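Here is the structure we will look at, set down as structure tokens.
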Amino acid sequence: MNETDLNKKENIQVVTRFAPSPTGFLHIGGVRTALFAWLFARQNEGEFILRIEDTDKSREVEGSIEHIKKSLSWLGLDWDYGPEKPHDEWGSALQSDRLDVYKKYAKILLDKGLAYPDPYTAEEVQEFREKAQAEKRPFLMREHRPETFDEWDGTKPLRFKTPTIKRFEWTDAVRGSLSAGEDALDDFIIIKADGFPTYNFAHIVDDEEMAVTHVMRGEEFVSSTPKFLSLYEALEIPVPILVTLPPIMGPDGKKKLSKRDGAKDLLHYNEDGYLPAAMVNFLALIGWNPGGEDEIFSLDKLIEIFSLDKIQKSGGAFNEEKLRWMNKEYLSKQSDEFLVEYISDVWVAGASNRPDNAQLAKLAPVMLERVHNKVEIKEAIESGEYDWVFKSPEYETDLLKWKKDTSAEASLPRLEKVLPLIETADYLTVDTIKSAIWDYAEEEGRGEVLWPLRVALSGSERSPDPFTLAYVLGADEVVARVRSAIDKLS
RNA sequence: GGUCCCAUCGUCUAAUGGUUAGGACGCCAGGUUUUCAUCCUGGAAAUCGGAGUUCGAUUCUCCGUGGGAUCACCA
């Protein structure tokens with residue numbers, strides 16, 4: 001290879017695609033595939049295509065395309081060509097718009113004598129299948145190839161006539177050298193009776209037309225790769241680089257994550273308060289990792305460090321615990337403004353027990369320290385954990401008893417001492433409140449002073465510290481609550 | 001069942017012939033200004049089994065075992 005060739009090789013325009021069928025929402029598994037393909041394209045300053053494989057009208061679900069687009073956009077994955085962005089040369093990225101293209105390629109096979117109309121009815125095919133099973137041998141349609149057939153008029157399915165039955169060996173960017181024998185080869189349908197192509201045919205035609213260089217997909221396609229290879233040969237088109245991604249397994253690690261087994265719509269995670277950056281980071285680390293001990297990567301960083309050779313071969317379980325942790329990591333880096341907005345979303349607008357904006361701003365960092373997502377915030381609110389914000393606490397007098405004391409009454413003189421301190425304190429920040437009380441607390445014993453004060457303000461066994469409570473509540477309310485506690489004990 | 005693939009703590013993974021097999025999540029314990037939480041420190045926790053190659057296998061080979069994928073006019 002001379003220098004020119006080398007340069008040419010390096011200058012190859014990388015093109016990847018994500019090609020979902022519009023049969024519903026996208027879940028973690030599908031999106032991870034999209035993420036890897038996108039990362040690779042962006043890293044190589046190539047193109048990323050969103051191709052919609054809508055060749056099965058019966059399975060199509062209304063609104064899926066919009067939903068898929070929303071899901072990718074949420075994560076920050078953009079596409080250069082998609083269902084609404086056709087390409088100047090190859091046209092639409094929606095397969096149902098491309099029927100003529102598939103016919104053109106079918107014609108090539110027909111002309112070569114490498115395709116034939118299937119003469120059998122579905123029932124007859126089923127009989128063949130059952131007979132083969134009864135005889136305990138593999139069912140192969142190519143054994144029923146008709147010797148002669150009419151010209152294809154488009155009313156019957158068109159089958160690929162596998163030219164040579166042989167063993168195929170190929171290289172997968174992740175799995176390395178793979179091979180499969182003759183059993184993996186058969187005459188498969190390329191155009192259905194309704195005129196739509198099958199996946200097996202359409203994706204090969206489109207990848208060629210769209211100049212896709214790297215095909216990234218799940219391992220479910222490995223076993224049909226010999227069929228694809230056979231088609232590439234028949235069509236005389238080059239095989240793109242095949243990249244088999246490991247499956248994402250369900251939480252039990254046994255089965256591939258699927259809608260059937262409860263895989264959630266990606267956008268549910270948005271509603272539940274997961275940050276797109278956290279989700280991207282989490283997804284990137286299932287089935288891939290850069291090798292070091294860092295685990296927190298921004299999208300830009302991922303573009304920089306992503307590499308095909310670090311993709312795992314075996315499947316990885318979807319661990320929601322780790323996602324929660326990841327989300328908290330990202331939450332802790334957000335601005336106060338963001339967090340106020342974040343929490344504000346959870347409280348139903350206009351509800352009576354909703355803190356005002358000033359209170360929310362004070363509350364945000366305190367609440368976020370205790371939760372991983374919006375679901376947990378909602379739970380905390382509903383369980384009354386933040387009732388102290390808007391109503392005077394109700395509690396048993398005995399709760400005012402510090403654990404080292406014998407009775408709650410021991411707290412009385414301490415609260416009486418605290419009252420003037422907290423009354424005249426500066427409510428500018430948590431620290432200014434703290435400094436008004438701290439010396440006394442040190443002198444008397446921290447728990448002795450702070451526990452009853454905290455209970456007086458929150459009425460609860462668990463809560464943020466008393467200084468924070470006071471800061472959120474404000475001087476008037478604090479004084480009233482401490483007085484109320486003193487009354488209880490008197 | 002045929003074909004193909006995979007195999008390190010419970011989970012995500014690092015280390016590829018030589019390490020006390022490392023990190024993270026989760027779990028447990030201790031500590032940090034009172035409780036909760038945060039934070040810090042520590043701990044328990046893995047190379048599926050058996051042969052072979054080798055001075056030495058987590059790493060290479062083979063055989064088992066286990067798991068997965070696929071065998072559609074679905075993608």
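Numbering starts fresh at 1 for the residues of each chain in the structure tokens, the chains themselves are lettered A, B, ... in the order given, and ligands are numbered from 1 as they appear.
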Produce a table with one row for each residue of chain B that has an atom at most 9 Å from any atom of chain A, each row naming the nearest atom pair and its distance in Å at one decimal; use only C-alpha atoms (C1' of nucleotides); arrange rows by chain and rising residue number; format as a Markdown table.
| residue | atom | partner | partner_atom | distance |
| --- | --- | --- | --- | --- |
| B:G1 | C1' | A:Lys136 | CA | 7.3 |
| B:G2 | C1' | A:Pro138 | CA | 6.1 |
| B:U3 | C1' | A:Asp183 | CA | 6.3 |
| B:C4 | C1' | A:Ser223 | CA | 5.9 |
| B:C5 | C1' | A:Val222 | CA | 8.4 |
| B:C6 | C1' | A:Ser314 | CA | 5.5 |
| B:A7 | C1' | A:Ser314 | CA | 8.0 |
| B:U11 | C1' | A:Asn319 | CA | 6.5 |
| B:C12 | C1' | A:Ile286 | CA | 6.7 |
| B:U13 | C1' | A:Asn289 | CA | 7.6 |
| B:A14 | C1' | A:Gly291 | CA | 6.1 |
| B:G22 | C1' | A:Glu293 | CA | 8.9 |
| B:G23 | C1' | A:Glu293 | CA | 5.5 |
| B:A24 | C1' | A:Glu295 | CA | 7.4 |
| B:C25 | C1' | A:Lys322 | CA | 4.9 |
| B:G26 | C1' | A:Glu321 | CA | 7.2 |
| B:U33 | C1' | A:Arg446 | CA | 7.6 |
| B:U34 | C1' | A:Gly447 | CA | 3.9 |
| B:U35 | C1' | A:Arg462 | CA | 5.0 |
| B:C36 | C1' | A:Arg462 | CA | 4.7 |
| B:A37 | C1' | A:Arg370 | CA | 5.0 |
| B:U38 | C1' | A:Glu369 | CA | 6.0 |
| B:G67 | C1' | A:Lys254 | CA | 7.4 |
| B:G68 | C1' | A:Lys255 | CA | 7.7 |
| B:A69 | C1' | A:Glu220 | CA | 5.3 |
| B:U70 | C1' | A:Ser223 | CA | 5.5 |
| B:C71 | C1' | A:Ala184 | CA | 8.2 |
| B:C73 | C1' | A:Lys192 | CA | 4.7 |
| B:C74 | C1' | A:Asp56 | CA | 7.6 |
| B:A75 | C1' | A:Tyr199 | CA | 6.0 |
Which residues of stretch 307-418 of chain A come within 12 Å of stretch 425-434 of chain A, and what is each one's closest atom pair and distance in Å (one decimal), counting only C-alpha atoms, sorted by chain and residue number, as JSON lines?
{"residue": "A:Lys362", "atom": "CA", "partner": "A:Thr429", "partner_atom": "CA", "distance": 9.3}
{"residue": "A:Leu363", "atom": "CA", "partner": "A:Val430", "partner_atom": "CA", "distance": 11.3}
{"residue": "A:Pro365", "atom": "CA", "partner": "A:Val430", "partner_atom": "CA", "distance": 12.0}
{"residue": "A:Val366", "atom": "CA", "partner": "A:Val430", "partner_atom": "CA", "distance": 11.3}
{"residue": "A:Val418", "atom": "CA", "partner": "A:Ala425", "partner_atom": "CA", "distance": 10.3}
Just C-alpha atoms for this one: save the residues we selected as a tab-separated table (two decimals), in the first residue's frame.
chain	number	residue	atom	x	y	z
A	362	LYS	CA	-33.68	27.61	50.58
A	363	LEU	CA	-35.04	24.10	50.55
A	365	PRO	CA	-30.07	21.93	48.41
A	366	VAL	CA	-31.43	20.30	51.56
A	418	VAL	CA	-32.38	29.37	73.05
So what do you get for atom CA of A:Glu341 versus atom CA of A:Ala364, distance-wise?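 According to the coordinates, atom CA of A:Glu341 and atom CA of A:Ala364 are separated by 8.9 Å.
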Skip B:A51 itself and residues of its chain fewer than 6 positions away, then list as a list in words all residues within 12 Å of it, counting only C-alpha atoms (C1' of nucleotides).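 Here the qualifying residues turn out to be U61, C62, C63 and G64 of chain B.
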Suppose we keep N, CA and C atoms (P, O5', C5', C4', C3', O3' and C1' of nucleotides); can you now write the selection as a compact mmCIF listing (two decimals), in the first residue's frame?
# COMPACT_ATOMS: atom_id res chain seq x y z
P U B 61 -7.26 -19.83 22.96
O5' U B 61 -6.79 -21.35 22.96
C5' U B 61 -6.03 -21.88 21.88
C4' U B 61 -5.91 -23.36 22.04
C3' U B 61 -7.22 -24.08 22.32
O3' U B 61 -7.94 -24.35 21.12
C1' U B 61 -5.58 -24.82 23.85
P C B 62 -9.52 -24.52 21.22
O5' C B 62 -9.69 -25.95 21.91
C5' C B 62 -9.28 -27.13 21.22
C4' C B 62 -9.44 -28.31 22.14
C3' C B 62 -10.82 -28.49 22.73
O3' C B 62 -11.70 -29.15 21.84
C1' C B 62 -9.20 -28.72 24.44
P C B 63 -13.27 -28.92 22.01
O5' C B 63 -13.58 -29.77 23.32
C5' C B 63 -13.36 -31.18 23.34
C4' C B 63 -13.69 -31.72 24.71
C3' C B 63 -15.03 -31.26 25.26
O3' C B 63 -16.10 -32.04 24.73
C1' C B 63 -13.38 -31.01 26.93
P G B 64 -17.56 -31.57 24.99
O5' G B 64 -17.69 -32.02 26.50
C5' G B 64 -18.82 -31.66 27.23
C4' G B 64 -18.51 -31.73 28.71
C3' G B 64 -19.50 -30.89 29.49
O3' G B 64 -20.67 -31.65 29.74
C1' G B 64 -17.31 -30.30 30.14
Can you work out which one of A:Glu47, A:Glu444, A:Glu60, A:Asp153 has the shortest atom-to-atom distance to A:His214, counting only C-alpha atoms?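 Answer, going by the shortest atom-to-atom distance: A:Glu47.
Residues with any atom within 12 Å of B:G18, counting only C-alpha atoms (C1' of nucleotides) and excluding same-chain neighbours fewer than 5 positions away, are U54, C55, G56, A57 and U59 of chain B.
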Atoms kept (N, CA and C atoms (P, O5', C5', C4', C3', O3' and C1' of nucleotides)) for selection, written as a PDB file, in the first residue's frame:
ATOM      1  P     U B  54       5.317 -27.926  28.007  1.00  0.00           P
ATOM      2  O5'   U B  54       5.548 -26.552  28.801  1.00  0.00           O
ATOM      3  C5'   U B  54       5.969 -25.383  28.093  1.00  0.00           C
ATOM      4  C4'   U B  54       5.867 -24.188  28.998  1.00  0.00           C
ATOM      5  C3'   U B  54       6.541 -24.342  30.359  1.00  0.00           C
ATOM      6  O3'   U B  54       7.947 -24.135  30.278  1.00  0.00           O
ATOM      7  C1'   U B  54       4.396 -23.393  30.637  1.00  0.00           C
ATOM      8  P     C B  55       8.878 -25.108  31.186  1.00  0.00           P
ATOM      9  O5'   C B  55       8.622 -24.619  32.683  1.00  0.00           O
ATOM     10  C5'   C B  55       9.063 -25.419  33.778  1.00  0.00           C
ATOM     11  C4'   C B  55       8.902 -24.629  35.057  1.00  0.00           C
ATOM     12  C3'   C B  55       7.527 -24.002  35.252  1.00  0.00           C
ATOM     13  O3'   C B  55       6.623 -24.913  35.844  1.00  0.00           O
ATOM     14  C1'   C B  55       9.192 -22.366  35.637  1.00  0.00           C
ATOM     15  P     G B  56       5.197 -25.018  35.304  1.00  0.00           P
ATOM     16  O5'   G B  56       4.596 -23.601  35.709  1.00  0.00           O
ATOM     17  C5'   G B  56       4.304 -23.322  37.080  1.00  0.00           C
ATOM     18  C4'   G B  56       3.914 -21.872  37.246  1.00  0.00           C
ATOM     19  C3'   G B  56       2.708 -21.428  36.420  1.00  0.00           C
ATOM     20  O3'   G B  56       1.501 -21.785  37.061  1.00  0.00           O
ATOM     21  C1'   G B  56       4.439 -19.840  36.207  1.00  0.00           C
ATOM     22  P     A B  57       0.462 -22.539  36.239  1.00  0.00           P
ATOM     23  O5'   A B  57      -0.851 -22.156  37.039  1.00  0.00           O
ATOM     24  C5'   A B  57      -1.998 -21.900  36.235  1.00  0.00           C
ATOM     25  C4'   A B  57      -2.175 -20.420  36.077  1.00  0.00           C
ATOM     26  C3'   A B  57      -3.608 -20.123  35.688  1.00  0.00           C
ATOM     27  O3'   A B  57      -4.052 -18.952  36.284  1.00  0.00           O
ATOM     28  C1'   A B  57      -2.133 -19.500  33.935  1.00  0.00           C
ATOM     29  P     U B  59      -7.009 -18.751  32.338  1.00  0.00           P
ATOM     30  O5'   U B  59      -6.616 -17.554  31.350  1.00  0.00           O
ATOM     31  C5'   U B  59      -7.638 -16.784  30.694  1.00  0.00           C
ATOM     32  C4'   U B  59      -6.986 -15.573  30.029  1.00  0.00           C
ATOM     33  C3'   U B  59      -5.971 -15.954  28.970  1.00  0.00           C
ATOM     34  O3'   U B  59      -6.170 -15.193  27.801  1.00  0.00           O
ATOM     35  C1'   U B  59      -4.951 -14.602  30.664  1.00  0.00           C
TER      36        U B  59
END
Rank B:A45, B:C60, B:A29, B:A21 by their smallest atom-to-atom distance to B:C9, using only C-alpha atoms (C1' of nucleotides), and report the top residue only. B:A45
Give me, as a PyMOL selection string, the residues of stretch 381-439 of chain A that a backbone DSSP run labels helix (DSSP H, G or I). chain A and resi 381-382+387-389+397-400+408-423+430-439
